[in-house]
Amino acid sequence: MRVSKNKVSLLSLAVAALFATAAQAAVNLDTGATTPVYAKEILGTVVVPNTGNVLDVTAKLGFGLVATQDRFFRFDLTNGTFGATVINTNLVGSVPFGATTVVNGGQAGDAFVIFQVNGGGQLATDSFTFQIPSVKFTSTASNVGIQYRLFQDAASANGIGGVPITNDGRKLADKSGSLVSFVSAINASFAPARTEYIAATTNFVKFCSGVTAGAPGTAGCSNAGTDPLAVAGTIATYTLTLPAPLDATSTPLLNIGQVITAASTAQLTTNFTGGFQTTASGAAAGYILNTLDCAALGAGGAIQVPVLPATVATKITYAIGSTQATSPTSLCYQVNGTTSIVDQDISGTFNYTYQAGYGGAASTTPGVVALFRRDGVELQSPWFTTTNGYISRFFLTNTGSIDITCNVITWNSTGAVVPTTPTVTVLAGTQLKVDAASALPAAPSGPYATRFVCAAPSSVMQGNYVLTSPSGSVTIGGMIRPGTN
């Protein structure tokens, strides 16, 4: 039989159209390509339409089909069902199949479908496209998967109790992939931890200043370079994940405010059992947008005063809400300038409250976002007496290569007192003896304890307290280092 040129052209166009359909398929079981992507925070049931062929699944057959011979295509969904009835024409081949019929499953609510396909001489390297009409899932943030299997006969494809028979050699091909995937709509992270150095020259009640007040400083700061403001953590990102995932209506989200509410917070937690200091009265502590320091607190964004109880608090809460931060956000903390600050690690978490229709973890996993480290060493004596016959002395050892000056702070049971000698200098590589009398006020009334606060690395300074009793016996003990022992 002769075929006219017009018929040949029409046939060529039909075959080209089938190839085009396969090429446009969004899910490819051979390459792992997956679409669409939904926000994992979605709650409830979602029906995904096959708009723009996003649910078209393609793959190479994996086994050739003999002309006029029937084979059985089985597709199974995991974590989802068909949202509408699958029909015969939903399965096509790059080389056209013969008669194609849905013989089992494929109804709305089913999780599988079996096609009986009459072969047309397809090679194993030819492909198919399964045009799924829609998919329905109840969000668990687990990918909706699809499995394709080609069977020799109906009995194997249908199986026993709905479970196909796959161990008798009649399964000819088997491929799986993800049909619908999920990603968190919230892209929130803290920047790596930075160190704020606590200035020994202020007796550890303020921080070393950076180039500008409010920026983290470096070790070895001078008395003129101190600062009551610390960066207690930096938010690196607080935005919508891009490319934007889809909401329950299969529409791309526009911002994180659609997912979380203005009640969402960032929270800092110290590992120091004494908790954070109470902030200075009326202090402008809070967060600041678009900067990596707290120098111009308030510029670039509204200030939110953190929640810090007057009593000992191990946590500070910042009301960051649901406003996207496109640049780094510094979480600022202002000390009162009178209470000593000890070495501590500060961890950060994001705490979310969700809009209706969304849910998820209430808090992120804590991670260290800031380090407070003393820029020097404090050596503290036990209570000592000036009773006649007892001699108290302090021995300070400097193993470093530079001279070290130490502030002398003495107190009795009623509070701090003014010592006769307010500072001492320990020369490099030497030991200095300090008589207790020089650390006392002019009119002593003990008992007393003394702190030596030295602007030096802790490793190069050592201190001992030596007590000689009237009998001549000598007691020697190491001076303690608050916050470290």
# chains A, B, ... in the order shown; residues from 1 in each chain; ligands from 1
$ residues_around --residues "Val117 of chain A" --least-positions-apart "6" --cutoff "12 Å" --atoms "only C-alpha atoms" --output "PDB file with N, CA and C atoms, in the first residue's frame"
ATOM      1  N   LEU A  65       9.708  -3.440  23.659  1.00  0.00           N
ATOM      2  CA  LEU A  65       8.364  -3.965  23.502  1.00  0.00           C
ATOM      3  C   LEU A  65       8.216  -4.526  22.096  1.00  0.00           C
ATOM      4  N   VAL A  66       7.826  -5.811  22.008  1.00  0.00           N
ATOM      5  CA  VAL A  66       7.644  -6.458  20.719  1.00  0.00           C
ATOM      6  C   VAL A  66       6.308  -6.020  20.131  1.00  0.00           C
ATOM      7  N   ALA A  67       6.291  -5.768  18.834  1.00  0.00           N
ATOM      8  CA  ALA A  67       5.059  -5.350  18.166  1.00  0.00           C
ATOM      9  C   ALA A  67       3.964  -6.382  18.369  1.00  0.00           C
ATOM     10  N   THR A  68       2.771  -5.895  18.660  1.00  0.00           N
ATOM     11  CA  THR A  68       1.537  -6.679  18.877  1.00  0.00           C
ATOM     12  C   THR A  68       1.553  -7.487  20.172  1.00  0.00           C
ATOM     13  N   GLN A  69       2.609  -7.382  20.964  1.00  0.00           N
ATOM     14  CA  GLN A  69       2.662  -8.130  22.226  1.00  0.00           C
ATOM     15  C   GLN A  69       2.299  -7.215  23.380  1.00  0.00           C
ATOM     16  N   ASP A  70       1.437  -7.702  24.312  1.00  0.00           N
ATOM     17  CA  ASP A  70       1.007  -6.875  25.445  1.00  0.00           C
ATOM     18  C   ASP A  70       2.007  -6.942  26.595  1.00  0.00           C
ATOM     19  N   ARG A  71       2.247  -5.773  27.173  1.00  0.00           N
ATOM     20  CA  ARG A  71       3.043  -5.668  28.394  1.00  0.00           C
ATOM     21  C   ARG A  71       2.263  -4.785  29.374  1.00  0.00           C
ATOM     22  N   PHE A  72       2.679  -4.788  30.662  1.00  0.00           N
ATOM     23  CA  PHE A  72       1.906  -4.119  31.700  1.00  0.00           C
ATOM     24  C   PHE A  72       2.792  -3.114  32.454  1.00  0.00           C
ATOM     25  N   PHE A  73       2.389  -1.854  32.388  1.00  0.00           N
ATOM     26  CA  PHE A  73       3.087  -0.760  33.068  1.00  0.00           C
ATOM     27  C   PHE A  73       2.386  -0.524  34.405  1.00  0.00           C
ATOM     28  N   ARG A  74       3.141  -0.570  35.481  1.00  0.00           N
ATOM     29  CA  ARG A  74       2.569  -0.272  36.810  1.00  0.00           C
ATOM     30  C   ARG A  74       3.289   0.929  37.408  1.00  0.00           C
ATOM     31  N   ASN A  88      -6.784   6.344  29.777  1.00  0.00           N
ATOM     32  CA  ASN A  88      -5.909   5.593  28.859  1.00  0.00           C
ATOM     33  C   ASN A  88      -4.851   6.468  28.202  1.00  0.00           C
ATOM     34  N   THR A  89      -5.230   7.670  27.797  1.00  0.00           N
ATOM     35  CA  THR A  89      -4.318   8.524  27.024  1.00  0.00           C
ATOM     36  C   THR A  89      -3.273   9.236  27.886  1.00  0.00           C
ATOM     37  N   LEU A  91      -0.815   7.804  29.252  1.00  0.00           N
ATOM     38  CA  LEU A  91       0.475   7.146  29.027  1.00  0.00           C
ATOM     39  C   LEU A  91       0.759   7.134  27.534  1.00  0.00           C
ATOM     40  N   VAL A  92       1.888   7.734  27.123  1.00  0.00           N
ATOM     41  CA  VAL A  92       2.278   7.787  25.712  1.00  0.00           C
ATOM     42  C   VAL A  92       3.738   7.392  25.581  1.00  0.00           C
ATOM     43  N   GLY A  93       4.120   6.997  24.381  1.00  0.00           N
ATOM     44  CA  GLY A  93       5.503   6.617  24.127  1.00  0.00           C
ATOM     45  C   GLY A  93       6.156   7.524  23.112  1.00  0.00           C
ATOM     46  N   PRO A  96       5.177   5.605  19.259  1.00  0.00           N
ATOM     47  CA  PRO A  96       3.794   5.384  19.695  1.00  0.00           C
ATOM     48  C   PRO A  96       3.491   3.931  20.055  1.00  0.00           C
ATOM     49  N   PHE A  97       2.781   3.774  21.211  1.00  0.00           N
ATOM     50  CA  PHE A  97       2.299   2.460  21.611  1.00  0.00           C
ATOM     51  C   PHE A  97       1.089   2.087  20.756  1.00  0.00           C
ATOM     52  N   GLY A  98       0.741   0.788  20.850  1.00  0.00           N
ATOM     53  CA  GLY A  98      -0.522   0.361  20.279  1.00  0.00           C
ATOM     54  C   GLY A  98      -1.631   0.677  21.270  1.00  0.00           C
ATOM     55  N   ALA A  99      -2.659  -0.136  21.316  1.00  0.00           N
ATOM     56  CA  ALA A  99      -3.782   0.092  22.235  1.00  0.00           C
ATOM     57  C   ALA A  99      -3.279   0.158  23.677  1.00  0.00           C
ATOM     58  N   THR A 100      -3.705   1.198  24.415  1.00  0.00           N
ATOM     59  CA  THR A 100      -3.292   1.417  25.803  1.00  0.00           C
ATOM     60  C   THR A 100      -4.547   1.546  26.656  1.00  0.00           C
ATOM     61  N   THR A 101      -4.637   0.723  27.728  1.00  0.00           N
ATOM     62  CA  THR A 101      -5.848   0.692  28.541  1.00  0.00           C
ATOM     63  C   THR A 101      -5.490   0.629  30.023  1.00  0.00           C
ATOM     64  N   VAL A 102      -6.183   1.462  30.833  1.00  0.00           N
ATOM     65  CA  VAL A 102      -6.058   1.350  32.289  1.00  0.00           C
ATOM     66  C   VAL A 102      -6.843   0.113  32.708  1.00  0.00           C
ATOM     67  N   VAL A 103      -6.160  -0.882  33.306  1.00  0.00           N
ATOM     68  CA  VAL A 103      -6.825  -2.134  33.665  1.00  0.00           C
ATOM     69  C   VAL A 103      -7.006  -2.308  35.167  1.00  0.00           C
ATOM     70  N   PHE A 128       8.900   6.681  27.669  1.00  0.00           N
ATOM     71  CA  PHE A 128       7.471   6.876  27.864  1.00  0.00           C
ATOM     72  C   PHE A 128       7.267   8.173  28.630  1.00  0.00           C
ATOM     73  N   LEU A 150       7.801  -2.348  34.777  1.00  0.00           N
ATOM     74  CA  LEU A 150       7.271  -2.966  33.571  1.00  0.00           C
ATOM     75  C   LEU A 150       7.214  -4.473  33.789  1.00  0.00           C
ATOM     76  N   PHE A 151       6.025  -5.063  33.586  1.00  0.00           N
ATOM     77  CA  PHE A 151       5.839  -6.485  33.845  1.00  0.00           C
ATOM     78  C   PHE A 151       5.507  -7.229  32.554  1.00  0.00           C
ATOM     79  N   GLN A 152       5.857  -8.507  32.562  1.00  0.00           N
ATOM     80  CA  GLN A 152       5.610  -9.371  31.412  1.00  0.00           C
ATOM     81  C   GLN A 152       4.133  -9.704  31.283  1.00  0.00           C
ATOM     82  N   ASP A 153       3.422  -9.862  32.421  1.00  0.00           N
ATOM     83  CA  ASP A 153       2.026 -10.283  32.344  1.00  0.00           C
ATOM     84  C   ASP A 153       1.204  -9.607  33.421  1.00  0.00           C
ATOM     85  N   ALA A 154      -0.118  -9.741  33.310  1.00  0.00           N
ATOM     86  CA  ALA A 154      -1.050  -9.085  34.222  1.00  0.00           C
ATOM     87  C   ALA A 154      -0.949  -9.647  35.627  1.00  0.00           C
TER      88      ALA A 154
END
$ closest_atom_pairs --of "segment 156-182 of chain A" --to "segment 242-261 of chain A" --cutoff "12 Å" --atoms "only C-alpha atoms" --output "JSON lines"
{"residue": "A:Val180", "atom": "CA", "partner": "A:Leu246", "partner_atom": "CA", "distance": 10.8}
{"residue": "A:Ser181", "atom": "CA", "partner": "A:Pro245", "partner_atom": "CA", "distance": 9.6}
{"residue": "A:Phe182", "atom": "CA", "partner": "A:Pro245", "partner_atom": "CA", "distance": 7.8}
$ write_last_selection --atoms "N, CA and C atoms" --output "tab-separated table (two decimals), in the first residue's frame"
chain	number	residue	atom	x	y	z
A	180	VAL	N	6.93	14.92	43.93
A	180	VAL	CA	6.75	16.21	44.61
A	180	VAL	C	7.75	16.26	45.75
A	181	SER	N	8.48	17.35	45.88
A	181	SER	CA	9.46	17.47	46.96
A	181	SER	C	9.14	18.68	47.83
A	182	PHE	N	9.87	18.79	48.94
A	182	PHE	CA	9.59	19.82	49.93
A	182	PHE	C	10.88	20.49	50.39
$ closest_residue --among "A:Asn167, A:Thr387, A:Asn28, A:Ser401" --to "Ser127 of chain A" --atoms "only C-alpha atoms"
A:Asn28
$ select_by_dssp --residues "segment 81-204 of chain A" --states "alpha helix (DSSP H)" --output "PyMOL selection string"
chain A and resi 154-158
$ closest_atom_pairs --of "segment 402-452 of chain A" --to "segment 465-471 of chain A" --cutoff "12 Å" --atoms "only C-alpha atoms" --output "tab-separated table"
residue	atom	partner	partner_atom	distance
A:Leu432	CA	A:Tyr465	CA	12.0
A:Lys433	CA	A:Tyr465	CA	9.9
A:Val434	CA	A:Tyr465	CA	9.7
A:Asp435	CA	A:Val466	CA	9.9
A:Ala436	CA	A:Tyr465	CA	9.6
A:Ala449	CA	A:Tyr465	CA	10.8
A:Thr450	CA	A:Tyr465	CA	10.3
A:Arg451	CA	A:Tyr465	CA	11.4
A:Phe452	CA	A:Tyr465	CA	11.8
$ write_last_selection --atoms "N, CA and C atoms" --output "PDB file, in the first residue's frame"
ATOM      1  N   LEU A 432      56.667  39.012  91.757  1.00  0.00           N
ATOM      2  CA  LEU A 432      56.510  40.185  92.621  1.00  0.00           C
ATOM      3  C   LEU A 432      55.829  39.768  93.917  1.00  0.00           C
ATOM      4  N   LYS A 433      56.435  40.206  95.039  1.00  0.00           N
ATOM      5  CA  LYS A 433      55.810  39.965  96.337  1.00  0.00           C
ATOM      6  C   LYS A 433      54.992  41.200  96.715  1.00  0.00           C
ATOM      7  N   VAL A 434      53.729  40.985  97.062  1.00  0.00           N
ATOM      8  CA  VAL A 434      52.843  42.078  97.467  1.00  0.00           C
ATOM      9  C   VAL A 434      52.399  41.812  98.902  1.00  0.00           C
ATOM     10  N   ASP A 435      52.841  42.660  99.814  1.00  0.00           N
ATOM     11  CA  ASP A 435      52.395  42.510 101.199  1.00  0.00           C
ATOM     12  C   ASP A 435      50.915  42.854 101.304  1.00  0.00           C
ATOM     13  N   ALA A 436      50.195  42.097 102.091  1.00  0.00           N
ATOM     14  CA  ALA A 436      48.764  42.321 102.227  1.00  0.00           C
ATOM     15  C   ALA A 436      48.471  43.734 102.688  1.00  0.00           C
ATOM     16  N   ALA A 449      39.424  40.279 101.256  1.00  0.00           N
ATOM     17  CA  ALA A 449      39.840  39.481 100.098  1.00  0.00           C
ATOM     18  C   ALA A 449      40.314  40.464  99.046  1.00  0.00           C
ATOM     19  N   THR A 450      41.244  40.039  98.202  1.00  0.00           N
ATOM     20  CA  THR A 450      41.823  40.936  97.200  1.00  0.00           C
ATOM     21  C   THR A 450      41.792  40.279  95.824  1.00  0.00           C
ATOM     22  N   ARG A 451      41.488  41.106  94.809  1.00  0.00           N
ATOM     23  CA  ARG A 451      41.532  40.685  93.407  1.00  0.00           C
ATOM     24  C   ARG A 451      42.656  41.431  92.714  1.00  0.00           C
ATOM     25  N   PHE A 452      43.438  40.719  91.925  1.00  0.00           N
ATOM     26  CA  PHE A 452      44.415  41.334  91.040  1.00  0.00           C
ATOM     27  C   PHE A 452      43.905  41.112  89.611  1.00  0.00           C
TER      28      PHE A 452
END
$ closest_atom_pairs --of "segment 31-75 of chain A" --to "segment 354-377 of chain A" --cutoff "9 Å" --atoms "only C-alpha atoms" --output "CSV"
residue,atom,partner,partner_atom,distance
A:Lys40,CA,A:Gly360,CA,8.1
A:Glu41,CA,A:Gly359,CA,5.1
A:Ile42,CA,A:Tyr358,CA,4.6
A:Leu43,CA,A:Tyr358,CA,5.1
A:Gly44,CA,A:Gly357,CA,7.2
$ write_last_selection --atoms "C-alpha atoms" --output "CSV table (one decimal), in the first residue's frame"
chain,number,residue,atom,x,y,z
A,40,LYS,CA,7.3,21.8,54.1
A,41,GLU,CA,5.5,23.9,56.7
A,42,ILE,CA,2.2,23.4,54.9
A,43,LEU,CA,-0.5,21.7,57.0
A,44,GLY,CA,-3.4,19.7,55.7
$ closest_residue --among "A:Tyr448, A:Phe112, A:Phe394, A:Tyr238" --to "Thr475 of chain A" --atoms "only C-alpha atoms"
A:Phe394
$ atom_distance --atom1 "atom CA of Gly400 of chain A" --atom2 "atom CA of Val474 of chain A"
27.9 Å
$ residues_around --residues "Thr34 of chain A" --least-positions-apart "2" --cutoff "8 Å" --atoms "only C-alpha atoms" --output "list in words"
Ala26, Val27, Asn28, Gly32, Pro36, Gly177, Ser178, Leu179, Val180 and Ser181 of chain A
$ closest_residue --among "A:Leu268, A:Ala39, A:Ala84, A:Ala191" --to "Asn143 of chain A" --atoms "only C-alpha atoms"
A:Ala39
$ closest_residue --among "A:Cys406, A:Val426, A:Val335, A:Val113" --to "Ala439 of chain A" --atoms "only C-alpha atoms"
A:Cys406
$ atom_distance --atom1 "atom CA of Pro133 of chain A" --atom2 "atom CA of Phe115 of chain A"
15.0 Å
$ residues_around --residues "Gly52 of chain A" --least-positions-apart "2" --cutoff "12 Å" --atoms "only C-alpha atoms" --output "list in words"
Thr21, Gln24, Ala25, Ala26, Thr35, Pro36, Val48, Pro49, Asn50, Val54, Leu55, Asp56, Gln131, Ile132, Pro133, Ser134 and Ser250 of chain A
$ atom_distance --atom1 "atom CA of Leu379 of chain A" --atom2 "atom CA of Ala443 of chain A"
23.9 Å
$ closest_residue --among "A:Ser327, A:Thr85, A:Gln344, A:Thr405" --to "Thr195 of chain A" --atoms "only C-alpha atoms"
A:Gln344
$ select_by_dssp --residues "segment 87-143 of chain A" --states "strand (DSSP E or B)" --output "PDB file with C-alpha atoms, in the first residue's frame"
ATOM      1  CA  LEU A  91       0.475   7.146  29.027  1.00  0.00           C
ATOM      2  CA  VAL A  92       2.278   7.787  25.712  1.00  0.00           C
ATOM      3  CA  GLY A  93       5.503   6.617  24.127  1.00  0.00           C
ATOM      4  CA  THR A 100      -3.292   1.417  25.803  1.00  0.00           C
ATOM      5  CA  THR A 101      -5.848   0.692  28.541  1.00  0.00           C
ATOM      6  CA  VAL A 102      -6.058   1.350  32.289  1.00  0.00           C
ATOM      7  CA  VAL A 103      -6.825  -2.134  33.665  1.00  0.00           C
ATOM      8  CA  ASN A 104      -6.555  -1.568  37.424  1.00  0.00           C
ATOM      9  CA  GLY A 105      -6.293   1.338  39.880  1.00  0.00           C
ATOM     10  CA  PHE A 112      -1.333   2.881  41.928  1.00  0.00           C
ATOM     11  CA  VAL A 113      -2.361   2.339  38.334  1.00  0.00           C
ATOM     12  CA  ILE A 114      -1.745  -0.492  35.828  1.00  0.00           C
ATOM     13  CA  PHE A 115      -1.782   0.060  32.058  1.00  0.00           C
ATOM     14  CA  GLN A 116      -2.034  -2.760  29.538  1.00  0.00           C
ATOM     15  CA  VAL A 117       0.001  -1.672  26.511  1.00  0.00           C
ATOM     16  CA  ASN A 118       0.225  -3.285  23.113  1.00  0.00           C
ATOM     17  CA  GLN A 122       9.918   0.013  20.914  1.00  0.00           C
ATOM     18  CA  SER A 127      10.974   6.485  26.447  1.00  0.00           C
ATOM     19  CA  PHE A 128       7.471   6.876  27.864  1.00  0.00           C
ATOM     20  CA  THR A 129       5.659   9.825  29.446  1.00  0.00           C
ATOM     21  CA  PHE A 130       3.041   9.336  32.154  1.00  0.00           C
ATOM     22  CA  GLN A 131       0.884  12.469  32.267  1.00  0.00           C
ATOM     23  CA  SER A 134      -3.138  15.553  39.589  1.00  0.00           C
ATOM     24  CA  VAL A 135      -1.671  14.344  42.870  1.00  0.00           C
ATOM     25  CA  LYS A 136      -3.122  14.638  46.354  1.00  0.00           C
ATOM     26  CA  PHE A 137      -1.026  14.579  49.529  1.00  0.00           C
ATOM     27  CA  THR A 138      -1.383  15.364  53.196  1.00  0.00           C
TER      28      THR A 138
END
$ closest_residue --among "A:Ala199, A:Ala193, A:Met461, A:Ala188" --to "Phe350 of chain A" --atoms "only C-alpha atoms"
A:Ala188
$ residues_around --residues "Gly62 of chain A" --least-positions-apart "6" --cutoff "7 Å" --atoms "only C-alpha atoms" --output "list in words"
Ala124, Thr125 and Ala173 of chain A
$ write_last_selection --atoms "N, CA and C atoms" --output "CSV table (one decimal), in the first residue's frame"
chain,number,residue,atom,x,y,z
A,124,ALA,N,14.6,-0.6,24.1
A,124,ALA,CA,14.7,-0.4,25.6
A,124,ALA,C,15.1,1.1,25.8
A,125,THR,N,15.8,1.7,24.8
A,125,THR,CA,16.2,3.1,25.0
A,125,THR,C,15.1,4.1,24.6
A,173,ALA,N,11.5,-4.1,34.1
A,173,ALA,CA,12.2,-2.8,34.4
A,173,ALA,C,11.6,-2.3,35.7
$ residues_around --residues "Thr226 of chain A" --least-positions-apart "3" --cutoff "9 Å" --atoms "only C-alpha atoms" --output "ChimeraX atom specification"
/A:198-199,201-202,206-210,213,217,221-223
$ write_last_selection --atoms "C-alpha atoms" --output "short mmCIF file (atom, residue, chain, number, x, y, z; two decimals), in the first residue's frame"
data_model
loop_
_atom_site.label_atom_id
_atom_site.label_comp_id
_atom_site.auth_asym_id
_atom_site.auth_seq_id
_atom_site.Cartn_x
_atom_site.Cartn_y
_atom_site.Cartn_z
CA ILE A 198 36.02 41.65 78.10
CA ALA A 199 38.44 44.42 79.07
CA THR A 201 41.39 47.46 82.24
CA THR A 202 37.77 47.99 83.35
CA LYS A 206 32.95 46.36 79.78
CA PHE A 207 34.14 45.09 76.42
CA CYS A 208 37.06 46.03 74.20
CA SER A 209 35.94 48.38 71.46
CA GLY A 210 36.44 47.84 67.76
CA ALA A 213 32.06 51.75 69.43
CA GLY A 217 37.10 44.62 69.55
CA CYS A 221 42.48 46.92 74.35
CA SER A 222 43.31 50.07 76.30
CA ASN A 223 41.18 51.77 78.92
#
